[in-house]
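Undergrad: Sharing a structure below in C-alpha cells format, with a few things to ask.
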Protein chains: 2
Amino acid sequence: LNKQQQNRLQEKFDLLHPADIAYILESLPLDQRQIAWDAIKIDDDGHVLLEVSDAVRQTLISSMEAEEIVNAAGKLNTDEIADLAADLPKRAMLKILRSLNNKERKHLNDILSYQENQVGSRMDLGMIVIQDDLNLKAVAAYIRKLGKLPKHTDKFFVVDQHGIVKGILPIHRLLTHLPVQSVADVMISDFVHFQAGQEIAEASRAFERYDLISAPVVDSDGRLQGRLCVDSIVDFIRDKTDEDMLAKVGVSEEEDLFSSVWKSAKNRWGWLLINIATAFVSTRIIGLFEDVILQLVALASLMPIIAATGGNTGNQTSILIIRSLALGQITPVNKRRLIKKELTLAALNGTLIGFLVGFLVWLLYRDLALAAVMAMAMFINLIVAVSVGLAIPLLRYKFGKDPAIGTSVMLTSITDSMGFFIFLGLASLFLIHRV
Amino acid sequence: LNKQQQNRLQEKFDLLHPADIAYILESLPLDQRQIAWDAIKIDDDGHVLLEVSDAVRQTLISSMEAEEIVNAAGKLNTDEIADLAADLPKRAMLKILRSLNNKERKHLNDILSYQENQVGSRMDLGMIVIQDDLNLKAVAAYIRKLGKLPKHTDKFFVVDQHGIVKGILPIHRLLTHLPVQSVADVMISDFVHFQAGQEIAEASRAFERYDLISAPVVDSDGRLQGRLCVDSIVDFIRDKTDEDMLAKVGVSEEEDLFSSVWKSAKNRWGWLLINIATAFVSTRIIGLFEDVILQLVALASLMPIIAATGGNTGNQTSILIIRSLALGQITPVNKRRLIKKELTLAALNGTLIGFLVGFLVWLLYRDLALAAVMAMAMFINLIVAVSVGLAIPLLRYKFGKDPAIGTSVMLTSITDSMGFFIFLGLASLFLIHRV
C-alpha cells in the first residue's frame, strides 16, 4: 500500500460506523487487518475496539503502543473503558487510570469491582438524572440545555436529595403532560430496577418479560449507581448462547477466524483430550468383556446402537432441563413432577425402542436370545441415560455451577461406558453359557 | 376451589403484568393451570396468550370457546392477532376476521402473508407517522393530543404525501430543537430501514450492530409498512437459539413442561429413530470386519476412541463454521483460507493426537503394529471429520438451508461409520496377515 492508497482507505473508513469497521476487520486475514487498522484515525480506535470480538481485539491491541491505547481510551466513557479493561496491557491501564479525574476513576473501579455475571459489570453511566422536586418545565429546559441525549434514553431517572431512586419519567411524558406539573406527580413510582450485584441472567429475563429499553441500577440502599440498557442485554444473550454452544464441543474461547493454526489447535485440545480420556474408560469396560465378544462377535457390531441411543436420549433430557432452569421454571414442587415424567417417558421409550431394536437385531442375526438381550439393554440404558441427563444439570445448578457447561461431555461419557457395561454384562449373563 | 377462593385468585391476577401471569401458568401442572386460567378476567386473556410459549398456548386455547377467543382477540392489535393466528382454531379465526374493519383486515392479511423468517412477519403497526412538511410545534401538539405513545417509541417516522419514508425524527429532538423548525430540517435522512421481505436474521444483525430500538419497515417502493422493534429482535434471537439447541438433539418443538408423557415421547422420537438408523449403518460396517475382530479382539475395545475423537473434532469445526456463517463473516475469499486452516489444523492435531493415542494403545497392549494402525487411523479420521465438519454446513448454506439444523446428527453418523471403516480397514490390511 502506498501513501495515496492509505489515504483513500482512511477516507472510506471515516464514513463508516465503528461497528461496520469492526466487521470488516474481523473478516480480514491478519496481514491485511493490520494495514487497515493502521489506516483508521486515532479518533475512532476506541469505539472500534469496543465493537470487535475478544479474540480480534487482542490482535489489534497487541500492535498498539501504550500511548496510542491511552489516546484511544481518552475518547471513551468510563463504562466503555471498563469493557476493554480485561484486554489492555497493565502499563497502558495504569496510564489511563492516571489520566482520569477522581470521580471517573471511582466509577471505573466501581464497575471493575463487579463480576462478569453481575449487573454492575454491564451497567453504563449515560443516564439523565432529575430531582423529584422539579416541575416538567424545568426538566424540559435542562434537556434543551444538554442539547443531546445519550443513546437509549427512553426515560429519566428521578432521585431525591440523597440520590435514592424514587421513580422513572418516560421521556414522552414531557410531551404529553403540562409543563407546570411536578416530576413527582407525573413519574411512575412502581418501576423495574436492578441491584448492581444481581445476576445479569435474572435482569435479562426481566428485560425480555417487560420489554424494557433501560432500567436503573441501584446499590443496597436504593441509591442510583448507573443504568442497564437493552443493547447490553442483547450482547449478554448473544455472548451466553455463543459461549454455551462453543463450550458444548470444548472450544474454550471465541476464535479469531484467522488466528494461527497453533493457537486454534490449543484452543480445541481441552475437551478433545477429555474425550479421549473418557473413551479410554469405555475401552477398558469393553476390555473386561473381550472373551464374551470372542464367543459372540455380533456384540461388537451392535455396540454403536447402544451408545447412540443412550447419548441422544440423555442429551434430550438434559437440554430440556437446562432450558427450564435458564427460564426459571423449575421449582421444588415442579422438580419432583418433572423427574417422574422424564423417567416415565424413559420407560415408555425404552419399551418401544427396545422392542423395535430387538426386532431389527432378530432380523439381522435370527438369534432370539441376542435380540432379547439387546431389547433389555436398551430399556435399562434409556432409564440410566435419562437419570444421568436429569442428575448432571440439576446437581450442577444446585451447587451454583452453570448447568450448560460441560454437561454434554460428562453425560455422553457416562452413557457410553454405562451402556457398554449394561449391554455386554447382560450378554455375558444370559448368552454365554449357551456356547 | 370455592367461589371465594376463585375471587381472591382473580384479584391477585388483576395486579400482575400479563408476562408474569404467563410465567405462573407455564410453571403450573395442567389441572392447576386450568383453574388459574379460568380465574383470569376476559380482559387480560389476549395479552397472556401472547406471552406464553407456543406449547402452553395450545393447552390454554384448547379449553376456550370460540366466543371467548374472539373476545380476547378484540383487545389486541392486528399485529398481535397475527402472532396468535397459527394457534387459533379456524372457526375462531374466521369470526375474528369478520369482526375487524377493512383496514385492519388488510393489515392482518399483509402480516400473515410473510414467512416466519421475514421481517414482515414480526413487524408491528404501533408507529407514529408524521408528514415532512410540518414543524416541530405541530408535531408536539399532535403528540399531546394522542396523550399516550406506543411502547418503544424512540422515534417518529417521517413520510411524504405518498407514504414514502423520508427520515426519522428521534423523540428527543422535539425537546432539543426549536418549535418553529420544520420536521424536514430536523429529521435524520440517513437511517436504517428494512424491507418487509428481508430476512429477519439480517435485520437482527443490524439491530445488534447499530444498537437500534425501532426501525421503519418499507415495501419495495419505500412506502412505510410498519416498524420493527428491539423486543421482537430479542424474541427472535431467543427463539432461534432455543430452536437450534433443541434441534441439535432432535426435540422437534418446544415442550410444555407438563404435557402428557405420550405427547413428549412423540416429540422426541424423530431423531432418536434417525440415530438408530445411522447406528445400524455403523453396525453393518463393523459387521463387515467381524472376522478381523475375532482375530484381534482388542479392535472392538478401541473402537469408541475412534468414534469419540472423530465426532468431537468434526463438531468443533462445524460449530465454528455455523457461527461464522451466522455472523456473515464468510466470504468466497475467506472460505478458501478457512478451509486450508482447518485442514492444516486437522493434520497437526491428527499427528499429535495420533502419537498420543498410539502410545497409550502400546501401553495397554504392548503391540507396536496395533499402536501404529491406531495412530494412522486417528490421523485419517481427523482429516475426514474436519472435511465433513466443513462440508455439511457450507453445502447446506449454499443450498439455502439453515446450517445449524441437522448438521450435528448427520456429522456424527458420518464420522462414526467412516471412523470404524478406516480403523477396521487399516487393521485388516496391516494386522491380519500376521496371524
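Chain labels follow the order of the C-alpha cells: the first chain is A, the next B, and so on; residue numbering restarts at 1 in every chain, and ligands are counted from 1 in their shown order.
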Would you kindly return, as a PyMOL selection string, each protein, DNA or RNA residue with an atom no farther than 12 Å from any atom of Lys75 of chain A, considering only C-alpha atoms and excluding same-chain residues fewer than 6 positions away?

TA: chain A and resi 42-50+68-69+81+96+99-100

Undergrad: Those same residues, written as a compact mmCIF listing (two decimals), in the first residue's frame with N, CA and C atoms?

TA:
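Okay, this is what ended up in result.txt:
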```txt
# COMPACT_ATOMS: atom_id res chain seq x y z
N ILE A 42 -6.92 7.81 14.71
CA ILE A 42 -6.83 7.61 16.16
C ILE A 42 -8.18 7.84 16.84
N ASP A 43 -8.95 8.79 16.35
CA ASP A 43 -10.23 9.14 16.97
C ASP A 43 -11.17 7.96 17.11
N ASP A 44 -11.19 7.11 16.08
CA ASP A 44 -12.17 6.03 16.07
C ASP A 44 -11.70 4.78 16.79
N ASP A 45 -10.40 4.71 17.05
CA ASP A 45 -9.81 3.48 17.56
C ASP A 45 -10.60 2.87 18.72
N GLY A 46 -10.89 3.69 19.72
CA GLY A 46 -11.54 3.18 20.93
C GLY A 46 -12.87 2.53 20.63
N HIS A 47 -13.69 3.19 19.81
CA HIS A 47 -15.01 2.64 19.54
C HIS A 47 -14.95 1.36 18.71
N VAL A 48 -13.97 1.29 17.81
CA VAL A 48 -13.82 0.06 17.03
C VAL A 48 -13.40 -1.09 17.96
N LEU A 49 -12.47 -0.79 18.87
CA LEU A 49 -12.03 -1.83 19.82
C LEU A 49 -13.20 -2.37 20.62
N LEU A 50 -14.14 -1.49 20.96
CA LEU A 50 -15.32 -1.93 21.72
C LEU A 50 -16.18 -2.90 20.92
N GLU A 68 -0.77 5.12 22.14
CA GLU A 68 -1.94 5.03 21.25
C GLU A 68 -3.17 4.53 22.01
N ILE A 69 -2.94 3.53 22.88
CA ILE A 69 -4.06 2.96 23.64
C ILE A 69 -4.66 4.03 24.56
N ILE A 81 -14.43 2.09 28.88
CA ILE A 81 -13.07 1.68 29.24
C ILE A 81 -13.13 0.38 30.06
N ILE A 96 -3.96 5.09 31.81
CA ILE A 96 -5.35 5.54 31.62
C ILE A 96 -5.93 5.98 32.96
N SER A 99 -4.90 9.29 33.88
CA SER A 99 -5.45 10.38 33.05
C SER A 99 -6.87 10.76 33.46
N LEU A 100 -7.50 9.94 34.30
CA LEU A 100 -8.90 10.22 34.69
C LEU A 100 -8.95 11.14 35.91
```

Undergrad: Please determine the contact residues of chain A with respect to chain B at a cut-off of 6 Å, counting only C-alpha atoms, and supply them as a ChimeraX atom specification.

TA: /A:19,27,144,147,176,209,211,231,249,261,279,283,286-287,294,300-302,304-305,316,329,345

Undergrad: Just how far from atom CA of Ala39 of chain B is atom CA of Leu15 of chain B, in Å to one decimal?

TA: 13.0 Å

Undergrad: Show which residues sit within 10 Å of Ala391 of chain B, as a ChimeraX atom specification. Count only C-alpha atoms, and ignore same-chain residues fewer than 2 positions away.

TA: /B:317-318,321,339,385-389,393-397,407,411

Undergrad: Quick one: distance from atom CA of Gln181 of chain A to atom CA of Leu136 of chain A in Å, one decimal?

TA: 5.9 Å

Undergrad: Just how far from atom CA of Asp219 of chain A is atom CA of Val192 of chain A, in Å to one decimal?

TA: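 Separating atom CA of Val192 of chain A from atom CA of Asp219 of chain A is a distance of 14.1 Å.
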
Undergrad: Which residues, written as a list in words, have at least one atom at most 10 Å from Lys106 of chain A, with only C-alpha atoms counted and residues fewer than 5 positions away on the same chain left out?

TA: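 My reading of the contact set: Thr78, Leu97, Leu100, Asn101, Ile111 and Leu112 of chain A.
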
Undergrad: Write out, as a PDB file, in the first residue's frame, the residues just selected, with C-alpha atoms.

TA:
```pdb
ATOM      1  CA  THR A  78     -15.533   5.133  31.887  1.00  0.00           C
ATOM      2  CA  LEU A  97      -6.225   5.498  35.333  1.00  0.00           C
ATOM      3  CA  LEU A 100      -8.898  10.216  34.690  1.00  0.00           C
ATOM      4  CA  ASN A 101     -10.254  12.602  37.306  1.00  0.00           C
ATOM      5  CA  ILE A 111     -17.642  -1.153  37.548  1.00  0.00           C
ATOM      6  CA  LEU A 112     -14.480  -3.272  37.525  1.00  0.00           C
TER       7      LEU A 112
END
```

Undergrad: Would you give me, as a PyMOL selection string, the residues in segment 224-402 of chain A that DSSP reads as strand (DSSP E)?

TA: chain A and resi 224-229

Undergrad: Give the alpha helix (DSSP H) residues of segment 203-424 of chain B, as assigned by DSSP on the backbone, as JSON, numbers by chain.

TA: {"B": [203, 204, 205, 206, 207, 208, 209, 210, 230, 231, 232, 233, 234, 235, 236, 237, 238, 239, 240, 241, 242, 243, 244, 245, 246, 247, 248, 261, 262, 263, 264, 265, 266, 267, 268, 269, 270, 271, 272, 273, 274, 275, 276, 277, 278, 279, 280, 281, 282, 283, 284, 285, 286, 287, 288, 290, 291, 292, 293, 294, 295, 298, 299, 300, 301, 302, 303, 304, 305, 306, 307, 308, 309, 310, 311, 312, 313, 314, 315, 316, 317, 318, 319, 320, 321, 322, 323, 324, 325, 326, 332, 333, 334, 335, 336, 337, 338, 339, 340, 341, 342, 343, 344, 345, 346, 347, 348, 349, 350, 351, 352, 353, 354, 355, 356, 357, 358, 359, 360, 361, 362, 363, 364, 365, 368, 369, 370, 371, 372, 373, 374, 375, 376, 377, 378, 379, 380, 381, 382, 383, 384, 385, 386, 387, 388, 389, 390, 391, 392, 393, 394, 395, 396, 397, 398, 407, 408, 409, 410, 411, 412, 413, 414, 415, 416, 417, 418, 419, 420, 421, 422, 423, 424]}

Undergrad: If we count only C-alpha atoms and set the cut-off at 12 Å, which residues sit around Gly197 of chain B, ignoring sequence neighbours fewer than 2 positions away in its own chain? Please answer as a list in words.

TA: Asp110, Ile111, Ser113, Tyr114, Gln115, Glu116, Asn117, Gln118, Val119, Gly120, Ser121, Arg122, Met123, Phe194, Gln195, Glu199, Ile200, Ala201, Glu202, Ala203, Val217, Val218, Asp219, Ser220 and Gln225 of chain B

Undergrad: Quick one: of B:Leu108, B:Ala36, B:Ile61, B:Ile188, who's nearest to Glu80 of chain B, counting only C-alpha atoms?

TA: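 Going through B:Leu108, B:Ala36, B:Ile61, B:Ile188 one by one, the smallest distance to Glu80 of chain B is for B:Leu108.
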